[in-house]
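Raw contents of model01.pdb, PDB, C-alpha atoms:
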ATOM      1  CA  MET A 953     -18.632  43.318  14.578
ATOM      2  CA  CYS A 954     -16.354  40.656  16.057
ATOM      3  CA  PRO A 955     -17.897  37.261  15.364
ATOM      4  CA  ASP A 956     -16.098  33.983  15.011
ATOM      5  CA  ALA A 957     -13.642  34.075  12.138
ATOM      6  CA  ALA A 958     -14.722  32.396   8.935
ATOM      7  CA  THR A 959     -11.699  30.119   8.959
ATOM      8  CA  GLY A 960     -12.243  27.325  11.445
ATOM      9  CA  THR A 961     -15.925  27.952  12.220
ATOM     10  CA  LEU A 962     -18.375  25.126  11.690
ATOM     11  CA  ALA A 963     -20.231  25.313   8.396
ATOM     12  CA  PRO A 964     -24.016  25.004   8.807
ATOM     13  CA  MET A 965     -25.117  21.418   8.455
ATOM     14  CA  PRO A 966     -28.277  20.622   6.457
ATOM     15  CA  TRP A 967     -30.154  18.368   8.848
ATOM     16  CA  ASP A 968     -31.837  16.326   6.149
ATOM     17  CA  ARG A 969     -31.756  12.805   4.764
ATOM     18  CA  THR A 970     -29.152  13.536   2.082
ATOM     19  CA  ARG A 971     -26.610  15.008   4.486
ATOM     20  CA  LEU A 972     -27.158  12.425   7.217
ATOM     21  CA  THR A 973     -26.855   9.552   4.754
ATOM     22  CA  ALA A 974     -23.533  10.988   3.622
ATOM     23  CA  ASP A 975     -22.551  11.086   7.294
ATOM     24  CA  GLY A 976     -23.140   7.329   7.639
ATOM     25  CA  PHE A 977     -26.777   7.065   8.737
ATOM     26  CA  THR A 978     -28.754   4.209   7.227
ATOM     27  CA  GLY A 979     -32.170   2.588   7.610
ATOM     28  CA  TRP A 980     -34.603   5.379   6.732
ATOM     29  CA  ILE A 981     -37.731   3.362   7.469
ATOM     30  CA  ARG A 982     -40.982   4.123   9.210
ATOM     31  CA  ILE A 983     -40.878   3.407  12.909
ATOM     32  CA  SER A 984     -43.801   1.026  12.453
ATOM     33  CA  ASP A 985     -41.661  -1.091  10.082
ATOM     34  CA  LEU A 986     -38.868  -1.684  12.607
ATOM     35  CA  PRO A 987     -39.905  -5.296  13.424
ATOM     36  CA  ARG A 988     -39.210  -6.239   9.792
ATOM     37  CA  ALA A 989     -35.911  -4.364   9.555
ATOM     38  CA  ASP A 990     -32.411  -5.696  10.051
ATOM     39  CA  VAL A 991     -31.363  -3.256  12.766
ATOM     40  CA  PRO A 992     -27.821  -3.842  14.106
ATOM     41  CA  SER A 993     -27.301  -4.868  17.713
ATOM     42  CA  GLY A 994     -24.179  -2.789  18.251
ATOM     43  CA  ALA A 995     -23.826   0.568  19.965
ATOM     44  CA  GLY A 996     -24.798   3.610  17.953
ATOM     45  CA  VAL A 997     -26.824   6.763  17.505
ATOM     46  CA  TYR A 998     -30.157   7.234  15.760
ATOM     47  CA  VAL A 999     -32.389  10.038  14.559
ATOM     48  CA  VAL A1000     -36.145  10.439  14.242
ATOM     49  CA  VAL A1001     -36.936  12.382  11.074
ATOM     50  CA  ARG A1002     -40.011  14.118   9.650
ATOM     51  CA  GLU A1003     -39.628  14.715   5.916
ATOM     52  CA  ASN A1004     -42.990  16.472   5.647
ATOM     53  CA  THR A1005     -42.250  20.193   5.204
ATOM     54  CA  LEU A1006     -45.761  21.381   6.092
ATOM     55  CA  PRO A1007     -46.255  23.164   9.433
ATOM     56  CA  PRO A1008     -46.777  20.621  12.230
ATOM     57  CA  ARG A1009     -50.143  19.773  13.731
ATOM     58  CA  PHE A1010     -50.301  18.397  17.267
ATOM     59  CA  ARG A1011     -52.656  16.033  19.039
ATOM     60  CA  ALA A1012     -54.302  17.234  22.228
ATOM     61  CA  THR A1013     -53.182  14.046  23.977
ATOM     62  CA  ASN A1014     -50.072  11.926  23.616
ATOM     63  CA  PRO A1015     -50.722   8.229  22.805
ATOM     64  CA  GLY A1016     -47.312   7.182  24.147
ATOM     65  CA  GLY A1017     -46.758   4.832  27.037
ATOM     66  CA  ARG A1018     -46.807   5.801  30.685
ATOM     67  CA  ALA A1019     -43.641   5.870  32.767
ATOM     68  CA  SER A1020     -44.322   5.371  36.481
ATOM     69  CA  GLU A1021     -47.933   6.376  35.704
ATOM     70  CA  LYS A1022     -46.772   9.738  34.293
ATOM     71  CA  ASP A1023     -48.802  11.070  31.361
ATOM     72  CA  PRO A1024     -46.555  11.916  28.358
ATOM     73  CA  THR A1025     -49.012  14.577  27.136
ATOM     74  CA  VAL A1026     -47.515  18.070  26.794
ATOM     75  CA  PRO A1027     -49.487  21.327  26.292
ATOM     76  CA  VAL A1028     -49.669  22.176  22.588
ATOM     77  CA  ALA A1029     -48.278  25.659  23.278
ATOM     78  CA  GLU A1030     -45.140  24.057  24.723
ATOM     79  CA  LEU A1031     -44.762  21.840  21.665
ATOM     80  CA  ARG A1032     -45.061  24.812  19.323
ATOM     81  CA  GLU A1033     -42.399  26.681  21.273
ATOM     82  CA  ALA A1034     -40.020  23.707  20.990
ATOM     83  CA  TRP A1035     -40.539  23.268  17.239
ATOM     84  CA  VAL A1036     -37.459  23.959  15.074
ATOM     85  CA  ASP A1037     -38.336  25.360  11.650
ATOM     86  CA  GLY A1038     -36.311  23.995   8.760
ATOM     87  CA  ALA A1039     -34.961  20.926  10.560
ATOM     88  CA  GLU A1040     -36.140  17.459   9.519
ATOM     89  CA  VAL A1041     -34.441  15.864  12.541
ATOM     90  CA  LEU A1042     -36.789  15.795  15.532
ATOM     91  CA  PHE A1043     -34.794  13.698  17.974
ATOM     92  CA  VAL A1044     -31.252  12.377  18.412
ATOM     93  CA  GLY A1045     -30.850   9.277  20.561
ATOM     94  CA  ARG A1046     -28.155   6.765  21.409
ATOM     95  CA  ALA A1047     -27.928   3.084  22.252
ATOM     96  CA  THR A1048     -25.219   1.487  24.348
ATOM     97  CA  ARG A1049     -23.573  -1.741  23.324
ATOM     98  CA  GLY A1050     -25.554  -4.880  24.105
ATOM     99  CA  VAL A1051     -25.171  -8.643  23.953
ATOM    100  CA  GLY A1052     -27.322 -10.833  21.762
ATOM    101  CA  LYS A1053     -29.514 -10.341  18.703
ATOM    102  CA  ARG A1054     -31.952  -7.783  20.087
ATOM    103  CA  GLN A1055     -29.565  -5.528  21.962
ATOM    104  CA  GLY A1056     -27.905  -2.194  21.244
ATOM    105  CA  LEU A1057     -29.627  -0.208  18.509
ATOM    106  CA  ALA A1058     -32.105  -3.026  17.827
ATOM    107  CA  LYS A1059     -33.304  -3.045  21.419
ATOM    108  CA  ARG A1060     -33.409   0.726  21.819
ATOM    109  CA  LEU A1061     -35.386   1.292  18.627
ATOM    110  CA  ALA A1062     -37.798  -1.486  19.582
ATOM    111  CA  GLU A1063     -38.390   0.399  22.840
ATOM    112  CA  LEU A1064     -39.031   3.564  20.861
ATOM    113  CA  ARG A1065     -41.673   1.844  18.722
ATOM    114  CA  ARG A1066     -43.397   0.181  21.678
ATOM    115  CA  PHE A1067     -43.576   3.453  23.591
ATOM    116  CA  GLY A1068     -45.350   5.071  20.628
ATOM    117  CA  LEU A1069     -47.912   2.263  20.686
ATOM    118  CA  GLY A1070     -48.802   3.147  24.247
ATOM    119  CA  GLN A1071     -46.923   0.316  25.913
ATOM    120  CA  THR A1072     -45.101   0.902  29.149
ATOM    121  CA  GLY A1073     -41.466   1.050  28.210
ATOM    122  CA  ASN A1074     -38.095   2.587  28.721
ATOM    123  CA  HIS A1075     -38.232   5.387  26.143
ATOM    124  CA  TRP A1076     -39.590   8.440  27.921
ATOM    125  CA  GLY A1077     -37.043  10.626  26.135
ATOM    126  CA  GLY A1078     -38.301  11.797  22.770
ATOM    127  CA  ARG A1079     -41.941  11.566  23.823
ATOM    128  CA  TYR A1080     -42.816  14.834  22.053
ATOM    129  CA  VAL A1081     -42.681  13.095  18.636
ATOM    130  CA  TRP A1082     -45.758  10.997  19.400
ATOM    131  CA  GLN A1083     -47.955  14.050  19.833
ATOM    132  CA  LEU A1084     -47.428  14.997  16.186
ATOM    133  CA  ALA A1085     -50.560  14.320  14.161
ATOM    134  CA  ASP A1086     -48.427  12.616  11.475
ATOM    135  CA  SER A1087     -46.269  10.552  13.844
ATOM    136  CA  ASP A1088     -47.173   7.401  11.873
ATOM    137  CA  ASP A1089     -45.093   8.744   8.986
ATOM    138  CA  LEU A1090     -41.936   9.495  10.963
ATOM    139  CA  LEU A1091     -38.729   7.807   9.831
ATOM    140  CA  VAL A1092     -35.829   6.466  11.826
ATOM    141  CA  ALA A1093     -32.216   6.106  10.735
ATOM    142  CA  TRP A1094     -29.204   4.832  12.645
ATOM    143  CA  LYS A1095     -25.436   4.757  12.620
ATOM    144  CA  GLU A1096     -23.178   2.346  14.477
ATOM    145  CA  THR A1097     -20.408   4.060  16.434
ATOM    146  CA  GLY A1098     -17.919   1.202  16.656
ATOM    147  CA  GLU A1099     -15.424   1.767  19.451
ATOM    148  CA  ALA A1100     -16.569   5.370  20.014
ATOM    149  CA  ASP A1101     -18.810   6.115  22.988
ATOM    150  CA  PRO A1102     -22.360   6.585  21.583
ATOM    151  CA  GLU A1103     -23.159   9.108  24.312
ATOM    152  CA  GLU A1104     -20.232  11.251  23.192
ATOM    153  CA  VAL A1105     -21.222  10.935  19.527
ATOM    154  CA  ALA A1106     -24.842  11.877  20.311
ATOM    155  CA  ALA A1107     -23.650  14.808  22.410
ATOM    156  CA  GLN A1108     -21.529  16.068  19.512
ATOM    157  CA  LEU A1109     -24.528  15.836  17.172
ATOM    158  CA  LEU A1110     -26.669  17.778  19.635
ATOM    159  CA  ALA A1111     -23.976  20.402  20.010
ATOM    160  CA  ARG A1112     -23.738  20.790  16.247
ATOM    161  CA  PHE A1113     -27.521  21.046  15.915
ATOM    162  CA  GLU A1114     -27.693  23.715  18.609
ATOM    163  CA  VAL A1115     -24.963  25.717  16.908
ATOM    164  CA  ASP A1116     -26.835  25.555  13.588
ATOM    165  CA  HIS A1117     -30.342  26.204  14.916
ATOM    166  CA  GLY A1118     -29.899  27.997  18.211
ATOM    167  CA  GLN A1119     -31.754  25.293  20.140
ATOM    168  CA  LEU A1120     -31.934  21.541  20.613
ATOM    169  CA  PRO A1121     -33.954  19.296  18.285
ATOM    170  CA  PHE A1122     -37.709  19.397  18.873
ATOM    171  CA  ALA A1123     -37.922  16.295  21.096
ATOM    172  CA  ASN A1124     -34.516  16.483  22.835
ATOM    173  CA  LEU A1125     -35.239  18.038  26.212
ATOM    174  CA  VAL A1126     -31.728  17.868  27.685
ATOM    175  CA  ARG A1127     -28.194  18.135  26.368
ATOM    176  CA  GLY A1128     -25.811  15.229  26.417
ATOM    177  CA  SER A1129     -23.145  15.360  29.103
ATOM    178  CA  ALA A1130     -20.412  16.297  26.652
ATOM    179  CA  THR A1131     -22.554  19.025  25.085
ATOM    180  CA  ALA A1132     -22.922  20.880  28.339
ATOM    181  CA  THR A1133     -19.187  21.561  28.363
ATOM    182  CA  GLN A1134     -18.870  22.335  24.646
ATOM    183  CA  LEU A1135     -21.355  25.189  24.297
ATOM    184  CA  PRO A1136     -21.999  28.254  26.419
ATOM    185  CA  GLN A1137     -25.391  29.039  27.860
ATOM    186  CA  ILE A1138     -27.404  31.613  25.897
ATOM    187  CA  ARG A1139     -29.553  33.906  28.020
ATOM    188  CA  ALA A1140     -30.837  37.470  28.175
ATOM    189  CA  ALA A1141     -28.576  40.073  29.770
ATOM    190  CA  ARG A1142     -29.246  41.253  33.314
ATOM    191  CA  VAL A1143     -28.426  44.546  34.957
ATOM    192  CA  GLU A1144     -25.628  42.885  36.903
ATOM    193  CA  ASP A1145     -23.992  41.870  33.580
ATOM    194  CA  ILE A1146     -23.588  45.431  32.286
ATOM    195  CA  GLU A1147     -19.991  46.086  33.329
ATOM    196  CA  GLU A1148     -18.894  42.701  31.994
ATOM    197  CA  VAL A1149     -20.685  43.293  28.678
ATOM    198  CA  VAL A1150     -19.010  46.676  28.164
ATOM    199  CA  GLU A1151     -15.653  45.109  28.998
ATOM    200  CA  LEU A1152     -16.325  42.323  26.458
ATOM    201  CA  TRP A1153     -17.089  44.863  23.731
ATOM    202  CA  THR A1154     -13.826  46.634  24.492
ATOM    203  CA  ARG A1155     -11.785  43.409  24.390
ATOM    204  CA  ALA A1156     -13.536  42.180  21.253
ATOM    205  CA  GLY A1157     -12.889  45.430  19.417
ATOM    206  CA  GLU A1158     -16.522  46.525  19.369
ATOM    207  CA  ASN A1159     -15.656  50.068  20.464
ATOM    208  CA  ARG A1160     -12.841  50.600  17.994
ATOM    209  CA  GLY A1161     -13.360  53.724  15.865
ATOM    210  CA  ARG A1162     -16.296  55.168  17.778
ATOM    211  CA  PRO A1163     -17.131  56.534  21.221
ATOM    212  CA  ALA A1164     -16.912  53.968  24.005
ATOM    213  CA  ASP A1165     -20.191  52.491  25.237
ATOM    214  CA  ARG A1166     -21.605  53.788  28.488
ATOM    215  CA  PRO A1167     -23.024  51.397  31.077
ATOM    216  CA  ASP A1168     -26.040  53.660  31.648
ATOM    217  CA  LEU A1169     -27.059  53.289  27.986
ATOM    218  CA  VAL A1170     -26.767  49.519  28.170
ATOM    219  CA  ARG A1171     -28.998  49.654  31.235
ATOM    220  CA  LEU A1172     -31.583  51.638  29.247
ATOM    221  CA  LEU A1173     -31.548  48.942  26.564
ATOM    222  CA  ILE A1174     -32.150  46.184  29.115
ATOM    223  CA  GLU A1175     -34.925  48.140  30.824
ATOM    224  CA  ARG A1176     -36.658  48.956  27.531
ATOM    225  CA  ASP A1177     -36.433  45.441  26.066
ATOM    226  CA  PRO A1178     -35.193  42.858  28.601
ATOM    227  CA  GLU A1179     -34.815  40.110  25.972
ATOM    228  CA  ALA A1180     -32.991  42.115  23.283
ATOM    229  CA  LEU A1181     -29.404  41.740  24.503
ATOM    230  CA  LEU A1182     -28.464  38.052  24.383
ATOM    231  CA  LEU A1183     -25.321  36.776  26.052
ATOM    232  CA  ALA A1184     -23.202  33.652  25.725
ATOM    233  CA  VAL A1185     -22.104  32.671  29.233
ATOM    234  CA  ASP A1186     -19.434  30.046  29.888
ATOM    235  CA  ASP A1187     -18.971  28.945  33.490
ATOM    236  CA  GLY A1188     -20.446  32.222  34.710
ATOM    237  CA  VAL A1189     -18.308  34.417  32.425
ATOM    238  CA  VAL A1190     -19.804  36.501  29.593
ATOM    239  CA  VAL A1191     -17.979  35.407  26.415
ATOM    240  CA  GLY A1192     -20.297  36.639  23.665
ATOM    241  CA  SER A1193     -23.175  38.957  22.852
ATOM    242  CA  VAL A1194     -25.653  40.001  20.199
ATOM    243  CA  ILE A1195     -28.492  42.520  20.221
ATOM    244  CA  ALA A1196     -31.688  41.342  18.493
ATOM    245  CA  GLY A1197     -33.672  44.528  17.941
ATOM    246  CA  TRP A1198     -37.308  44.672  16.863
ATOM    247  CA  ASP A1199     -39.146  47.980  16.436
ATOM    248  CA  GLY A1200     -42.406  46.515  15.200
ATOM    249  CA  TRP A1201     -41.379  46.903  11.552
ATOM    250  CA  ARG A1202     -37.716  46.052  11.111
ATOM    251  CA  ALA A1203     -35.588  43.305  12.663
ATOM    252  CA  SER A1204     -31.906  44.061  13.190
ATOM    253  CA  LEU A1205     -28.844  42.399  14.675
ATOM    254  CA  TYR A1206     -26.137  44.467  16.359
ATOM    255  CA  ARG A1207     -23.047  43.956  18.486
ATOM    256  CA  LEU A1208     -22.280  40.367  17.621
ATOM    257  CA  ALA A1209     -19.102  39.952  19.638
ATOM    258  CA  VAL A1210     -17.156  36.959  20.916
ATOM    259  CA  ALA A1211     -14.225  37.032  23.332
ATOM    260  CA  PRO A1212     -10.984  36.320  21.419
ATOM    261  CA  GLU A1213     -10.268  33.126  23.377
ATOM    262  CA  HIS A1214     -13.728  31.720  22.568
ATOM    263  CA  ARG A1215     -13.728  32.212  18.811
ATOM    264  CA  ARG A1216     -13.856  29.395  16.254
ATOM    265  CA  ARG A1217     -16.047  27.299  18.570
ATOM    266  CA  GLY A1218     -19.479  28.039  17.074
ATOM    267  CA  THR A1219     -20.391  30.630  19.735
ATOM    268  CA  ALA A1220     -21.285  33.350  17.220
ATOM    269  CA  ARG A1221     -23.435  30.956  15.210
ATOM    270  CA  LEU A1222     -25.248  29.893  18.376
ATOM    271  CA  LEU A1223     -25.911  33.524  19.341
ATOM    272  CA  VAL A1224     -27.226  34.418  15.896
ATOM    273  CA  GLY A1225     -29.434  31.318  15.802
ATOM    274  CA  ARG A1226     -31.044  32.254  19.109
ATOM    275  CA  ALA A1227     -31.426  35.897  18.018
ATOM    276  CA  GLU A1228     -33.059  34.876  14.735
ATOM    277  CA  ALA A1229     -35.499  32.632  16.586
ATOM    278  CA  ARG A1230     -36.523  35.595  18.757
ATOM    279  CA  LEU A1231     -37.054  37.901  15.788
ATOM    280  CA  LYS A1232     -38.959  35.290  13.777
ATOM    281  CA  ALA A1233     -41.302  34.844  16.735
ATOM    282  CA  PHE A1234     -42.229  38.526  16.376
ATOM    283  CA  GLY A1235     -43.129  37.897  12.728
ATOM    284  CA  ALA A1236     -39.967  39.250  11.119
ATOM    285  CA  SER A1237     -39.686  38.206   7.465
ATOM    286  CA  ARG A1238     -36.281  39.816   6.920
ATOM    287  CA  ILE A1239     -33.392  40.475   9.307
ATOM    288  CA  HIS A1240     -30.715  43.154   8.889
ATOM    289  CA  ALA A1241     -27.237  42.689  10.353
ATOM    290  CA  MET A1242     -24.909  45.608  11.056
ATOM    291  CA  VAL A1243     -21.415  44.543   9.954
ATOM    292  CA  LEU A1244     -18.330  46.759   9.768
ATOM    293  CA  GLU A1245     -16.777  46.978   6.301
ATOM    294  CA  GLU A1246     -13.318  46.344   7.752
ATOM    295  CA  ASN A1247     -14.371  43.122   9.443
ATOM    296  CA  GLN A1248     -13.425  40.689   6.666
ATOM    297  CA  ASP A1249     -13.491  37.669   8.985
ATOM    298  CA  GLY A1250     -17.029  38.561   9.987
ATOM    299  CA  HIS A1251     -18.150  38.806   6.358
ATOM    300  CA  GLY A1252     -17.393  35.111   5.865
ATOM    301  CA  LEU A1253     -19.469  34.118   8.849
ATOM    302  CA  TRP A1254     -22.466  36.243   7.864
ATOM    303  CA  GLN A1255     -22.361  34.812   4.353
ATOM    304  CA  ALA A1256     -22.250  31.271   5.770
ATOM    305  CA  LEU A1257     -25.348  32.133   7.803
ATOM    306  CA  GLY A1258     -27.223  33.141   4.651
ATOM    307  CA  TYR A1259     -26.801  36.933   4.798
ATOM    308  CA  THR A1260     -25.826  39.020   1.767
ATOM    309  CA  PRO A1261     -24.682  42.664   1.559
ATOM    310  CA  GLN A1262     -27.020  45.283   0.099
ATOM    311  CA  PRO A1263     -25.039  47.426  -2.356
ATOM    312  CA  ASP A1264     -27.936  49.761  -3.167
ATOM    313  CA  TRP A1265     -28.115  51.661   0.124
ATOM    314  CA  ARG A1266     -25.860  53.109   2.772
ATOM    315  CA  ARG A1267     -26.441  53.747   6.442
ATOM    316  CA  TRP A1268     -26.542  57.472   7.401
ATOM    317  CA  VAL A1269     -25.775  58.506  10.987
ATOM    318  CA  LYS A1270     -26.354  61.654  13.041
ATOM    319  CA  ALA A1271     -25.002  62.083  16.559
ATOM    320  CA  THR A1272     -27.475  63.538  19.072
ATOM    321  CA  ARG A1273     -25.103  64.092  21.990
TER     322      ARG A1273
END
Produce C-alpha cells that represent the structure in this file.
Amino acid sequence: MCPDAATGTLAPMPWDRTRLTADGFTGWIRISDLPRADVPSGAGVYVVVRENTLPPRFRATNPGGRASEKDPTVPVAELREAWVDGAEVLFVGRATRGVGKRQGLAKRLAELRRFGLGQTGNHWGGRYVWQLADSDDLLVAWKETGEADPEEVAAQLLARFEVDHGQLPFANLVRGSATATQLPQIRAARVEDIEEVVELWTRAGENRGRPADRPDLVRLLIERDPEALLLAVDDGVVVGSVIAGWDGWRASLYRLAVAPEHRRRGTARLLVGRAEARLKAFGASRIHAMVLEENQDGHGLWQALGYTPQPDWRRWVKATR
C-alpha cells in the first residue's frame, strides 16, 4: 500500500459540538431562538447541527420557502443517499460582511430561520435540513472570520469534512470555490483509465515485490464490478486509487495508492472515506484493509482511520498462473 504518509496528513476531525466549540464556534441555540440571540453582524461562517444520534426521519414535503416558485421538496430516497452517518454537522454556510445591526451573520441566519418557516427568502442553500422530521430541534453555531474571507474559510471547512467523511455535509450541495481546487474528484474507474492506473501503481510502488499488474486483469475487474475501483482525479490526471471489494460476505480494501507528488494532502483519506461509504451501503459491518508490513507510513494512516492489525491470523496465498 502507498497511502499518504502519517506525518503531515490531516487527523480526522470530530464534527461535533465539543470540537467545533474548541475551534471558535459559539451560539449553539435552536434556530427558532435566533430572534432573541445576540448574533454578530460581522462576516463569518456558521453550521447547522443535529445532536440527535438516532437515524433520521424525513418529511414527505419540505415546509421551506419557495424561491422563484420552486418547490424545495426533495425525494426521500435522495435525502437518504445524502445523509452522512456519524456527523452532527448538516450544513456549513457563510455570511459576507455587512453594515448595520442586522447584517453579516445576523442577517444571514435570520434568512435561514425565515426560509424554514416557509417565507420566501434568500436561503435556498441548505434546504435539505427542513425536510428532517426533527428540524425544530436543530442548532446553529457561528464563528466570526475577522479579516479572512468567509467564503475561503467555509471552503476549507467543506474540504476538511469531505476528507474526513468522503462526501460533503448532508445539506451542502456544492463545494466552495476554493474547495474545488483543493481536493481531487473521486469517481469509478473507466476502461480508458486502465493504462494510467497501472502506471500509477508502478510509480506509487504498488507493484514492488510481486508480479506487475496486467491491464487485461484490471479490465476484468472493471467489467465485473464497475464501481469497485475508485480513482482520485486531479485536473484529468489519475492521482490515487483504492479498490473497495464486496463479495456478499466480506468487505475489503486493496490498492490504496497515491501519486508521490499528491501525498500529504488528504487524498488517501478521501478515497478511503468514499470506499467505506460504498461498502457500508452493501451492509458491511466490518472492513478489512490489505496493508504491506513494510509500509510503516501507511500503518499510521490506517490507525488514524480507525483500523487495527489482527495478530491472530495470517493471509495465505496460492498463485494460479
### Task
Excluding Gln1055 in chain A and residues on its chain fewer than 4 positions from it, collect all residues at most 9 Å away from it, counting all atoms listed in the file, and give them as a ChimeraX atom specification.
/A:992-995,1047-1051,1059-1060
### Task
For the file shown, report as a VMD selection string the outcome of the PyMOL selection byres ((chain A and resi 1077) around 12) at residue level.
chain A and resid 1000 1016 to 1019 1024 1042 to 1046 1060 1063 to 1064 1067 to 1068 1073 to 1076 1078 to 1082 1122 to 1127
### Task
Would you mind reading off the distance between CA of Val1189 in chain A and CA of Ala1220 in chain A, one decimal, in Å?
15.5 Å
## Note on the structure
Residue with the minimum atom-to-atom distance to Trp1153 in chain A, picked from A:Val1190, A:Ala1241, A:Leu1110, A:Ala1034 with only C-alpha atoms counted, is A:Val1190
Using only C-alpha atoms, determine which residues lie at most 9 Å from Arg1202 in chain A, disregarding the query and same-chain residues fewer than 4 positions distant; provide the list as a PDB file with C-alpha atoms, in the frame of the given file.
ATOM      1  CA  GLY A1197     -33.672  44.528  17.941  1.00  0.00           C
ATOM      2  CA  TRP A1198     -37.308  44.672  16.863  1.00  0.00           C
ATOM      3  CA  ALA A1236     -39.967  39.250  11.119  1.00  0.00           C
ATOM      4  CA  SER A1237     -39.686  38.206   7.465  1.00  0.00           C
ATOM      5  CA  ARG A1238     -36.281  39.816   6.920  1.00  0.00           C
ATOM      6  CA  ILE A1239     -33.392  40.475   9.307  1.00  0.00           C
ATOM      7  CA  HIS A1240     -30.715  43.154   8.889  1.00  0.00           C
TER       8      HIS A1240
END
### Query
What is the distance between CA of Pro1008 in chain A and CA of Pro1136 in chain A, in Å to one decimal?
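CA of Pro1008 in chain A sits 29.6 Å away from CA of Pro1136 in chain A.
Taking CA of Thr1025 in chain A and CA of Val1092 in chain A as endpoints, the distance between them is 21.8 Å.
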### Query
Counting all atoms listed in the file, which residues come within 12 Å of (-35.1, 22.0, 12.7), with the point read in the file's coordinates, and could you list them as a ChimeraX atom specification?
/A:965-968,1000-1005,1007-1008,1034-1044,1110,1112-1124,1225,1229
### Message
List the spatial neighbours of Glu1175 in chain A as a PyMOL selection string - criterion: any atom at most 12 Å away, all atoms listed in the file, same-chain residues fewer than 3 positions off excluded.
### Response
chain A and resi 1140-1143+1146+1168-1172+1178-1181
